[in-house]
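Asks: final.cif (mmCIF, C-alpha atoms) pasted underneath:
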```cif
data_final
loop_
_atom_site.label_atom_id
_atom_site.label_comp_id
_atom_site.auth_asym_id
_atom_site.auth_seq_id
_atom_site.Cartn_x
_atom_site.Cartn_y
_atom_site.Cartn_z
CA MET A 1 98.33 76.92 126.11
CA ALA A 2 96.89 74.25 123.82
CA LEU A 3 93.39 75.68 124.08
CA GLN A 4 92.79 75.66 120.33
CA THR A 5 93.26 71.88 120.11
CA THR A 6 89.77 70.90 121.30
CA LEU A 7 86.13 71.85 120.82
CA ASP A 8 84.98 69.96 123.91
CA VAL A 9 84.12 72.33 126.77
CA GLY A 10 85.10 69.88 129.50
CA THR A 11 88.49 69.14 127.94
CA LEU A 12 89.04 72.86 127.46
CA ILE A 13 88.53 73.56 131.16
CA GLU A 14 90.89 70.70 132.07
CA ILE A 15 93.62 72.15 129.84
CA PHE A 16 93.09 75.60 131.34
CA SER A 17 93.28 74.20 134.88
CA HIS A 18 96.48 72.29 134.05
CA HIS A 19 98.26 75.43 132.84
CA LEU A 20 96.87 77.56 135.66
CA GLN A 21 98.19 75.08 138.24
CA ALA A 22 101.77 76.10 137.40
CA LEU A 23 100.93 79.69 138.37
CA VAL A 24 98.17 79.36 140.95
CA ALA A 25 97.89 76.24 143.11
CA HIS A 26 94.24 75.20 143.22
CA ARG A 27 91.98 72.26 143.97
CA ALA A 28 89.71 72.64 140.97
CA VAL A 29 88.23 74.88 138.30
CA ARG A 30 84.54 74.91 137.51
CA TYR A 31 82.89 76.41 134.42
CA LEU A 32 79.24 77.41 134.68
CA ASN A 33 77.03 78.70 131.87
CA GLU A 34 73.35 78.43 132.78
CA ALA A 35 72.15 79.86 129.46
CA ALA A 36 73.94 77.09 127.54
CA ASP A 37 73.12 74.47 130.20
CA VAL A 38 76.81 73.74 130.83
CA ASP A 39 78.28 72.92 134.23
CA VAL A 40 81.67 71.18 134.19
CA ALA A 41 84.38 70.95 136.81
CA THR A 42 87.76 69.29 137.21
CA ALA A 43 86.66 67.92 140.61
CA GLU A 44 83.46 67.54 142.62
CA LEU A 45 83.02 70.47 145.01
CA GLY A 46 80.08 71.78 146.98
CA ASP A 47 80.60 75.54 146.97
CA ARG A 48 80.95 78.01 144.10
CA GLY A 49 84.54 79.15 144.61
CA GLU A 50 85.85 82.54 143.50
CA GLU A 51 83.89 83.70 140.46
CA ILE A 52 85.56 85.06 137.31
CA PRO A 53 82.95 86.34 134.81
CA LEU A 54 83.69 85.61 131.14
CA SER A 55 82.45 87.69 128.23
CA LEU A 56 83.32 88.61 124.65
CA GLU A 57 82.29 92.16 123.81
CA SER A 58 78.67 92.24 125.06
CA GLU A 59 78.15 88.47 124.97
CA SER A 60 78.22 86.62 128.29
CA LEU A 61 80.05 83.30 128.17
CA GLY A 62 79.28 82.25 131.72
CA SER A 63 81.83 82.20 134.52
CA LEU A 64 84.82 80.34 135.91
CA HIS A 65 84.93 79.40 139.58
CA LEU A 66 88.38 78.95 141.07
CA TYR A 67 88.92 76.77 144.13
CA CYS A 68 92.30 77.59 145.66
CA ASN A 69 94.05 75.63 148.39
CA GLY A 70 92.42 77.79 151.02
CA ALA A 71 91.11 81.29 150.32
CA CYS A 72 92.24 82.76 146.99
CA SER A 73 94.37 85.87 147.35
CA GLU A 74 93.87 89.00 145.24
CA ALA A 75 97.15 88.26 143.46
CA GLN A 76 96.03 84.73 142.61
CA LEU A 77 92.73 86.00 141.24
CA ARG A 78 94.48 88.58 139.06
CA VAL A 79 96.70 85.86 137.58
CA ALA A 80 93.70 83.62 136.95
CA GLU A 81 91.78 86.47 135.32
CA ALA A 82 94.72 87.26 133.05
CA LEU A 83 95.03 83.64 131.99
CA ALA A 84 91.27 83.39 131.49
CA ALA A 85 91.54 86.03 128.77
CA ALA A 86 93.23 83.42 126.58
CA LEU A 87 90.29 81.09 127.18
CA ILE A 88 87.62 83.40 125.76
CA HIS A 89 87.83 82.71 122.01
CA PRO A 90 88.44 78.93 122.26
CA LEU A 91 85.55 78.71 124.73
CA ARG A 92 83.19 80.60 122.44
CA ASN A 93 84.15 78.28 119.56
CA ALA A 94 83.51 75.24 121.76
CA LEU A 95 80.11 76.59 122.82
CA MET A 96 79.11 77.26 119.20
CA TYR A 97 80.21 73.74 118.23
CA ARG A 98 78.22 72.27 121.12
CA GLU A 99 75.14 74.23 120.07
CA ALA A 100 75.50 72.96 116.48
CA LEU A 101 75.77 69.36 117.69
CA ASN A 102 72.70 69.76 119.87
CA ALA A 103 70.74 71.24 116.97
CA SER A 104 71.68 68.33 114.67
CA ALA A 105 70.42 65.86 117.27
CA ARG A 106 67.02 67.57 117.66
CA ASP A 107 63.81 66.92 115.81
CA PRO A 108 62.84 70.29 114.28
CA LEU A 109 59.10 69.78 114.78
CA THR A 110 58.95 68.62 118.40
CA GLY A 111 62.31 69.75 119.79
CA VAL A 112 63.09 66.34 121.29
CA ASN A 113 65.97 64.09 120.26
CA ASN A 114 65.71 62.75 116.72
CA ARG A 115 66.21 59.32 115.20
CA SER A 116 69.69 60.20 113.94
CA SER A 117 70.89 60.46 117.53
CA PHE A 118 68.87 57.49 118.79
CA ARG A 119 71.25 54.64 118.02
CA SER A 120 74.42 56.32 119.29
CA VAL A 121 72.71 57.39 122.52
CA LEU A 122 71.17 53.95 123.06
CA ASP A 123 74.52 52.24 122.39
CA ARG A 124 76.08 54.50 125.01
CA GLU A 125 73.34 53.65 127.51
CA VAL A 126 73.83 49.93 126.84
CA GLU A 127 77.55 50.26 127.52
CA LEU A 128 76.89 52.14 130.76
CA SER A 129 74.35 49.51 131.78
CA ARG A 130 76.89 46.75 131.27
CA ARG A 131 79.68 48.63 133.01
CA HIS A 132 77.67 49.40 136.14
CA GLY A 133 75.46 46.33 136.18
CA ALA A 134 72.36 48.54 136.14
CA PRO A 135 69.07 47.81 134.33
CA LEU A 136 68.19 49.61 131.11
CA SER A 137 64.71 49.70 129.62
CA LEU A 138 63.16 51.06 126.44
CA VAL A 139 59.61 52.27 125.85
CA MET A 140 58.33 52.55 122.28
CA MET A 141 55.13 54.53 121.76
CA ASP A 142 52.95 54.95 118.69
CA VAL A 143 50.04 57.39 118.46
CA ASP A 144 46.85 55.48 117.70
CA ARG A 145 45.13 56.21 114.37
CA PHE A 146 47.26 59.28 113.76
CA LYS A 147 46.42 59.28 110.05
CA SER A 148 42.82 60.12 110.90
CA ILE A 149 43.98 63.35 112.59
CA ASN A 150 45.69 64.46 109.39
CA ASP A 151 42.75 63.33 107.25
CA GLU A 152 40.04 64.99 109.36
CA HIS A 153 41.80 68.13 110.58
CA GLY A 154 44.74 68.68 108.21
CA HIS A 155 48.50 68.26 108.48
CA LEU A 156 48.95 71.46 110.48
CA ALA A 157 46.70 69.97 113.14
CA GLY A 158 48.75 66.78 112.96
CA ASP A 159 51.96 68.74 113.50
CA LEU A 160 50.41 70.58 116.44
CA ALA A 161 49.30 67.26 117.91
CA LEU A 162 52.84 65.85 117.67
CA ARG A 163 54.29 68.92 119.38
CA SER A 164 51.67 68.70 122.13
CA ILE A 165 52.29 64.98 122.58
CA ALA A 166 56.05 65.53 122.89
CA GLN A 167 55.54 68.24 125.50
CA CYS A 168 53.11 66.06 127.41
CA MET A 169 55.62 63.20 127.44
CA LEU A 170 58.42 65.50 128.60
CA GLY A 171 56.23 66.51 131.51
CA CYS A 172 55.80 62.86 132.54
CA ILE A 173 59.34 61.50 132.33
CA ARG A 174 62.27 61.99 134.70
CA GLU A 175 65.33 64.13 134.07
CA SER A 176 67.41 60.99 133.56
CA ASP A 177 65.05 59.62 130.87
CA ILE A 178 65.81 60.39 127.21
CA LEU A 179 62.95 61.04 124.78
CA PHE A 180 63.27 60.58 121.00
CA ARG A 181 60.97 61.09 118.08
CA TYR A 182 61.67 57.79 116.37
CA GLY A 183 59.76 58.55 113.20
CA GLY A 184 56.36 59.84 112.11
CA GLU A 185 54.07 59.45 115.11
CA GLU A 186 56.37 57.07 116.97
CA PHE A 187 58.43 58.02 120.04
CA CYS A 188 60.96 56.17 122.21
CA ILE A 189 62.06 56.67 125.81
CA ALA A 190 65.38 55.28 127.06
CA LEU A 191 65.26 54.66 130.81
CA ALA A 192 68.57 54.10 132.59
CA ASN A 193 68.60 52.36 135.98
CA THR A 194 65.04 51.18 135.38
CA ASN A 195 63.75 47.61 135.35
CA LEU A 196 60.76 46.32 133.41
CA ALA A 197 58.25 47.07 136.18
CA GLY A 198 59.53 50.62 136.55
CA ALA A 199 59.44 51.20 132.80
CA ARG A 200 55.89 49.90 132.59
CA LYS A 201 54.86 52.22 135.41
CA LEU A 202 56.30 55.22 133.58
CA ALA A 203 54.64 54.16 130.33
CA GLU A 204 51.30 53.99 132.15
CA ARG A 205 51.84 57.51 133.48
CA VAL A 206 52.42 58.77 129.94
CA ARG A 207 49.48 56.78 128.56
CA ARG A 208 47.08 58.29 131.08
CA ALA A 209 48.38 61.81 130.46
CA LEU A 210 47.90 61.44 126.70
CA GLU A 211 44.44 59.98 127.19
CA ILE A 212 43.22 63.24 128.74
CA LEU A 213 45.25 65.53 126.46
CA VAL A 214 43.16 67.86 124.31
CA VAL A 215 44.81 69.46 121.28
CA ARG A 216 42.98 72.52 120.01
CA ALA A 217 43.53 72.97 116.29
CA SER A 218 41.54 75.15 113.88
CA GLY A 219 38.65 75.34 116.30
CA ALA A 220 38.54 71.57 116.78
CA ARG A 221 39.27 69.59 119.93
CA VAL A 222 41.52 66.70 118.99
CA HIS A 223 41.88 63.77 121.39
CA VAL A 224 44.70 61.26 121.17
CA THR A 225 45.60 57.89 122.61
CA ALA A 226 48.75 55.83 122.21
CA SER A 227 50.01 52.27 122.44
CA PHE A 228 53.23 51.29 124.21
CA GLY A 229 55.78 48.50 124.00
CA VAL A 230 58.17 48.01 126.91
CA ALA A 231 61.37 45.95 127.05
CA THR A 232 64.45 45.61 129.25
CA LEU A 233 68.01 44.80 128.20
CA GLY A 234 68.90 41.19 128.90
CA ALA A 235 72.27 39.59 129.55
CA GLY A 236 74.39 39.52 126.40
CA GLU A 237 71.90 41.61 124.41
CA ASP A 238 72.77 44.71 122.40
CA SER A 239 70.79 47.81 121.48
CA THR A 240 69.43 46.17 118.33
CA ARG A 241 67.87 43.35 120.33
CA LEU A 242 66.45 45.79 122.88
CA VAL A 243 64.73 47.74 120.09
CA GLU A 244 63.40 44.51 118.56
CA LYS A 245 61.83 43.44 121.86
CA ALA A 246 60.23 46.84 122.45
CA ASP A 247 58.92 46.90 118.88
CA GLN A 248 57.42 43.41 119.24
CA SER A 249 55.74 44.50 122.47
CA LEU A 250 54.35 47.58 120.74
CA TYR A 251 52.92 45.37 118.00
CA ARG A 252 51.10 43.30 120.63
CA ALA A 253 49.67 46.44 122.23
CA LYS A 254 48.29 47.51 118.85
CA VAL A 255 46.78 44.11 118.06
CA LEU A 256 45.19 43.86 121.50
CA GLY A 257 43.16 47.01 120.89
CA ARG A 258 45.41 50.09 121.20
CA ASN A 259 45.59 52.61 124.06
CA ARG A 260 47.39 50.03 126.17
CA ILE A 261 50.81 48.77 127.24
CA ALA A 262 52.45 45.46 126.40
CA THR A 263 55.79 44.23 127.73
CA GLN A 264 58.32 41.62 126.68
CA ASP A 265 56.93 39.32 129.40
CA ASP A 266 53.41 39.33 127.96
CA THR A 267 52.73 36.07 126.13
CA ASP A 268 49.93 35.15 123.77
CA PRO A 269 50.47 32.39 121.19
CA ALA A 270 47.86 34.00 118.93
CA LEU A 271 49.99 37.11 118.55
CA LYS A 272 53.01 36.69 116.33
CA PRO A 273 55.45 39.64 116.26
CA ARG A 274 56.35 41.32 113.02
#
```
Is it possible to express this structure as structure tokens?

Replies:
Amino acid sequence: MALQTTLDVGTLIEIFSHHLQALVAHRAVRYLNEAADVDVATAELGDRGEEIPLSLESESLGSLHLYCNGACSEAQLRVAEALAAALIHPLRNALMYREALNASARDPLTGVNNRSSFRSVLDREVELSRRHGAPLSLVMMDVDRFKSINDEHGHLAGDLALRSIAQCMLGCIRESDILFRYGGEEFCIALANTNLAGARKLAERVRRALEILVVRASGARVHVTASFGVATLGAGEDSTRLVEKADQSLYRAKVLGRNRIATQDDTDPALKPR
């Protein structure tokens, strides 16, 4: 089998299923690893199939689930288990590679996605938006007067505040939303299948949650507020333009007094974007 030719878990399972098909006729193979947050299948199925646990020495690598054409026989399961033995080492390599990629895309302080991954992820979301004709919005958020937290309480308190802010934001957004630490005290949220009104509503939910957040650092109670800029992808626009519009909206929110939300539809001739 050509299992050593890829480090992508999904492709690996497809190759395994292709070779298994010559020995055991089946509808699909599913690989499930809850610890690594991996769930891939060669077809959409509702049940779990026949389970084949996978492990290397004492390390659990999750499990395969085989969906035969009808009930799997004992003989078919034995063949699948024997073939699965060849999957173990390539699968472990693929899982380690996936973990390394995830780590490189994470901000070490807050644990959310970092700026290095922002552009590639946003470009992907733009492409999906175009392909499916679905709205895509972006929320940019900047913590108000963050420098004063560092100046008054120290940089450790500032770091704790950023971690608390990130966790608060994660608790407000949906599973489909993608949160990034864009830089310093600035965060971004990419919202697929969300129009401007929906994005503004989510930004308001986050704003209110941050407004009542209390960060306890070195005996002090630190309060934070944030300003938000909201924009939606327009026809013919790319990710760069979407970021520009959200950034201009954020600038307006700051100028208008902070702890508020501005959108691309807000107009004020006295406010010129950066």

Asks: With the file shown as input, list the residues that the PyMOL selection byres ((chain A and resi 118) around 9) selects, as a PDB file with C-alpha atoms, in the frame of the given file.

Replies:
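Final file, expr30.pdb:
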```
ATOM      1  CA  ALA A 105      70.420  65.860 117.270  1.00  0.00           C
ATOM      2  CA  ASN A 113      65.970  64.090 120.260  1.00  0.00           C
ATOM      3  CA  ASN A 114      65.710  62.750 116.720  1.00  0.00           C
ATOM      4  CA  ARG A 115      66.210  59.320 115.200  1.00  0.00           C
ATOM      5  CA  SER A 116      69.690  60.200 113.940  1.00  0.00           C
ATOM      6  CA  SER A 117      70.890  60.460 117.530  1.00  0.00           C
ATOM      7  CA  ARG A 119      71.250  54.640 118.020  1.00  0.00           C
ATOM      8  CA  SER A 120      74.420  56.320 119.290  1.00  0.00           C
ATOM      9  CA  VAL A 121      72.710  57.390 122.520  1.00  0.00           C
ATOM     10  CA  LEU A 122      71.170  53.950 123.060  1.00  0.00           C
ATOM     11  CA  ASP A 123      74.520  52.240 122.390  1.00  0.00           C
ATOM     12  CA  PHE A 180      63.270  60.580 121.000  1.00  0.00           C
ATOM     13  CA  ARG A 181      60.970  61.090 118.080  1.00  0.00           C
ATOM     14  CA  TYR A 182      61.670  57.790 116.370  1.00  0.00           C
ATOM     15  CA  CYS A 188      60.960  56.170 122.210  1.00  0.00           C
TER      16      CYS A 188
END
```

Asks: Using only C-alpha atoms for the distances, tell me which of A:Ala22, A:Ala203, A:Leu61, A:Asn195 is nearest to Met96 (chain A).

Replies: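 Ranked by minimum distance to Met96 (chain A), first place goes to A:Leu61.
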
Asks: Evaluated on this file, the PyMOL selection byres ((chain A and resi 37) around 12) picks out some residues - which ones are they, written as an mmCIF file with C-alpha atoms, in the frame of the given file?

Replies:
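Wrote expr.cif, looks like this:
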```cif
data_model
loop_
_atom_site.group_PDB
_atom_site.id
_atom_site.type_symbol
_atom_site.label_atom_id
_atom_site.label_comp_id
_atom_site.auth_asym_id
_atom_site.auth_seq_id
_atom_site.Cartn_x
_atom_site.Cartn_y
_atom_site.Cartn_z
ATOM 1 C CA VAL A 9 84.120 72.330 126.770
ATOM 2 C CA TYR A 31 82.890 76.410 134.420
ATOM 3 C CA LEU A 32 79.240 77.410 134.680
ATOM 4 C CA ASN A 33 77.030 78.700 131.870
ATOM 5 C CA GLU A 34 73.350 78.430 132.780
ATOM 6 C CA ALA A 35 72.150 79.860 129.460
ATOM 7 C CA ALA A 36 73.940 77.090 127.540
ATOM 8 C CA VAL A 38 76.810 73.740 130.830
ATOM 9 C CA ASP A 39 78.280 72.920 134.230
ATOM 10 C CA VAL A 40 81.670 71.180 134.190
ATOM 11 C CA LEU A 61 80.050 83.300 128.170
ATOM 12 C CA GLY A 62 79.280 82.250 131.720
ATOM 13 C CA LEU A 95 80.110 76.590 122.820
ATOM 14 C CA ARG A 98 78.220 72.270 121.120
ATOM 15 C CA GLU A 99 75.140 74.230 120.070
ATOM 16 C CA ASN A 102 72.700 69.760 119.870
#
```

Asks: Need the shell around Ala199 (chain A): protein/DNA/RNA residues with any atom at most 9 Å away, counting only C-alpha atoms. Skip same-chain ones fewer than 3 positions apart. Format as a list in words?

Replies: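 Contacts, in chain order: Ser137, Leu138, Val139, Leu191, Thr194, Asn195, Leu196, Leu202, Ala203, Glu204, Val230, Ala231 and Thr232 of chain A.
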
Asks: Would you mind exporting the chosen residues as an mmCIF file, in the coordinates of the input, restricted to C-alpha atoms?

Replies:
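Just written: again18.cif:
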```
data_model
loop_
_atom_site.group_PDB
_atom_site.id
_atom_site.type_symbol
_atom_site.label_atom_id
_atom_site.label_comp_id
_atom_site.auth_asym_id
_atom_site.auth_seq_id
_atom_site.Cartn_x
_atom_site.Cartn_y
_atom_site.Cartn_z
ATOM 1 C CA SER A 137 64.710 49.700 129.620
ATOM 2 C CA LEU A 138 63.160 51.060 126.440
ATOM 3 C CA VAL A 139 59.610 52.270 125.850
ATOM 4 C CA LEU A 191 65.260 54.660 130.810
ATOM 5 C CA THR A 194 65.040 51.180 135.380
ATOM 6 C CA ASN A 195 63.750 47.610 135.350
ATOM 7 C CA LEU A 196 60.760 46.320 133.410
ATOM 8 C CA LEU A 202 56.300 55.220 133.580
ATOM 9 C CA ALA A 203 54.640 54.160 130.330
ATOM 10 C CA GLU A 204 51.300 53.990 132.150
ATOM 11 C CA VAL A 230 58.170 48.010 126.910
ATOM 12 C CA ALA A 231 61.370 45.950 127.050
ATOM 13 C CA THR A 232 64.450 45.610 129.250
#
```

Asks: Could you list the residues chosen by the PyMOL selection byres ((chain A and resi 78-82) around 12) in this structure as JSON, numbers by chain?

Replies: {"A": [16, 17, 19, 20, 21, 22, 23, 24, 25, 26, 29, 50, 51, 52, 53, 54, 55, 63, 64, 65, 66, 67, 68, 72, 73, 74, 75, 76, 77, 83, 84, 85, 86, 87, 88]}

Asks: Measuring between all atoms listed in the file, which one of A:Leu91, A:Leu128, A:Ala103, A:Val112 shows the shortest distance to Gly10 (chain A)?

Replies: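 Comparing A:Leu91, A:Leu128, A:Ala103, A:Val112 against Gly10 (chain A), the winner is A:Leu91.
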
Asks: With all atoms listed in the file as the basis for distance, which of A:Ser60, A:Ser239, A:Thr11, A:Gln264 is at the shortest distance from Arg92 (chain A)?

Replies: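 Using all atoms listed in the file, Arg92 (chain A) sits closest to A:Ser60.
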
Asks: Would it be fine to have region 32-63 of chain A, with N, CA and C atoms, given as an mmCIF file, in the first residue's frame?

Replies:
```
data_model
loop_
_atom_site.group_PDB
_atom_site.id
_atom_site.type_symbol
_atom_site.label_atom_id
_atom_site.label_comp_id
_atom_site.auth_asym_id
_atom_site.auth_seq_id
_atom_site.Cartn_x
_atom_site.Cartn_y
_atom_site.Cartn_z
ATOM 1 N N LEU A 32 -11.789 7.639 13.620
ATOM 2 C CA LEU A 32 -12.214 8.496 14.724
ATOM 3 C C LEU A 32 -11.134 8.536 15.799
ATOM 4 N N ASN A 33 -10.702 9.744 16.148
ATOM 5 C CA ASN A 33 -9.734 9.936 17.220
ATOM 6 C C ASN A 33 -10.173 11.176 17.996
ATOM 7 N N GLU A 34 -10.922 10.966 19.062
ATOM 8 C CA GLU A 34 -11.489 12.085 19.811
ATOM 9 C C GLU A 34 -10.406 12.906 20.500
ATOM 10 N N ALA A 35 -9.338 12.256 20.957
ATOM 11 C CA ALA A 35 -8.267 12.975 21.648
ATOM 12 C C ALA A 35 -7.583 13.975 20.721
ATOM 13 N N ALA A 36 -7.436 13.601 19.450
ATOM 14 C CA ALA A 36 -6.795 14.479 18.467
ATOM 15 C C ALA A 36 -7.800 15.317 17.693
ATOM 16 N N ASP A 37 -9.093 15.176 18.047
ATOM 17 C CA ASP A 37 -10.169 15.913 17.372
ATOM 18 C C ASP A 37 -10.173 15.631 15.869
ATOM 19 N N VAL A 38 -10.113 14.345 15.525
ATOM 20 C CA VAL A 38 -10.119 13.921 14.122
ATOM 21 C C VAL A 38 -11.299 12.984 13.891
ATOM 22 N N ASP A 39 -12.067 13.268 12.882
ATOM 23 C CA ASP A 39 -13.190 12.411 12.487
ATOM 24 C C ASP A 39 -13.330 12.522 10.977
ATOM 25 N N VAL A 40 -12.795 11.534 10.252
ATOM 26 C CA VAL A 40 -12.847 11.557 8.788
ATOM 27 C C VAL A 40 -13.443 10.249 8.291
ATOM 28 N N ALA A 41 -14.132 10.324 7.174
ATOM 29 C CA ALA A 41 -14.757 9.133 6.603
ATOM 30 C C ALA A 41 -14.757 9.242 5.092
ATOM 31 N N THR A 42 -14.784 8.086 4.434
ATOM 32 C CA THR A 42 -14.808 8.074 2.976
ATOM 33 C C THR A 42 -16.212 8.262 2.430
ATOM 34 N N ALA A 43 -17.215 8.273 3.307
ATOM 35 C CA ALA A 43 -18.602 8.538 2.910
ATOM 36 C C ALA A 43 -19.369 8.968 4.148
ATOM 37 N N GLU A 44 -20.482 9.646 3.966
ATOM 38 C CA GLU A 44 -21.313 10.089 5.080
ATOM 39 C C GLU A 44 -22.222 8.952 5.530
ATOM 40 N N LEU A 45 -22.077 8.555 6.803
ATOM 41 C CA LEU A 45 -22.881 7.464 7.349
ATOM 42 C C LEU A 45 -23.335 7.836 8.750
ATOM 43 N N GLY A 46 -24.478 7.300 9.163
ATOM 44 C CA GLY A 46 -25.046 7.681 10.437
ATOM 45 C C GLY A 46 -24.601 6.843 11.618
ATOM 46 N N ASP A 47 -24.294 5.573 11.392
ATOM 47 C CA ASP A 47 -23.930 4.714 12.519
ATOM 48 C C ASP A 47 -22.411 4.633 12.651
ATOM 49 N N ARG A 48 -21.943 3.813 13.597
ATOM 50 C CA ARG A 48 -20.508 3.752 13.877
ATOM 51 C C ARG A 48 -19.801 2.615 13.149
ATOM 52 N N GLY A 49 -20.519 1.661 12.606
ATOM 53 C CA GLY A 49 -19.876 0.549 11.922
ATOM 54 C C GLY A 49 -19.193 -0.400 12.894
ATOM 55 N N GLU A 50 -18.416 -1.317 12.343
ATOM 56 C CA GLU A 50 -17.651 -2.265 13.169
ATOM 57 C C GLU A 50 -16.330 -1.626 13.574
ATOM 58 N N GLU A 51 -16.087 -1.553 14.874
ATOM 59 C CA GLU A 51 -14.931 -0.820 15.391
ATOM 60 C C GLU A 51 -13.676 -1.679 15.405
ATOM 61 N N ILE A 52 -12.561 -1.083 14.963
ATOM 62 C CA ILE A 52 -11.244 -1.720 15.016
ATOM 63 C C ILE A 52 -10.317 -0.765 15.767
ATOM 64 N N PRO A 53 -10.028 -1.025 17.049
ATOM 65 C CA PRO A 53 -9.144 -0.140 17.814
ATOM 66 C C PRO A 53 -7.735 -0.124 17.220
ATOM 67 N N LEU A 54 -7.095 1.035 17.273
ATOM 68 C CA LEU A 54 -5.737 1.195 16.763
ATOM 69 C C LEU A 54 -4.835 1.684 17.888
ATOM 70 N N SER A 55 -3.670 1.063 18.020
ATOM 71 C CA SER A 55 -2.726 1.499 19.050
ATOM 72 C C SER A 55 -1.313 1.122 18.643
ATOM 73 N N LEU A 56 -0.359 1.848 19.195
ATOM 74 C CA LEU A 56 1.058 1.557 18.991
ATOM 75 C C LEU A 56 1.692 1.470 20.361
ATOM 76 N N GLU A 57 2.090 0.259 20.740
ATOM 77 C CA GLU A 57 2.550 -0.015 22.098
ATOM 78 C C GLU A 57 1.423 0.388 23.061
ATOM 79 N N SER A 58 1.647 1.357 23.929
ATOM 80 C CA SER A 58 0.590 1.734 24.879
ATOM 81 C C SER A 58 -0.163 2.990 24.442
ATOM 82 N N GLU A 59 0.164 3.504 23.268
ATOM 83 C CA GLU A 59 -0.440 4.750 22.787
ATOM 84 C C GLU A 59 -1.662 4.470 21.925
ATOM 85 N N SER A 60 -2.806 4.997 22.324
ATOM 86 C CA SER A 60 -4.022 4.849 21.528
ATOM 87 C C SER A 60 -3.983 5.805 20.345
ATOM 88 N N LEU A 61 -4.323 5.289 19.181
ATOM 89 C CA LEU A 61 -4.369 6.101 17.963
ATOM 90 C C LEU A 61 -5.794 6.247 17.447
ATOM 91 N N GLY A 62 -6.771 5.982 18.284
ATOM 92 C CA GLY A 62 -8.154 6.086 17.867
ATOM 93 C C GLY A 62 -8.678 4.756 17.351
ATOM 94 N N SER A 63 -9.612 4.810 16.423
ATOM 95 C CA SER A 63 -10.217 3.575 15.924
ATOM 96 C C SER A 63 -10.722 3.745 14.498
#
```
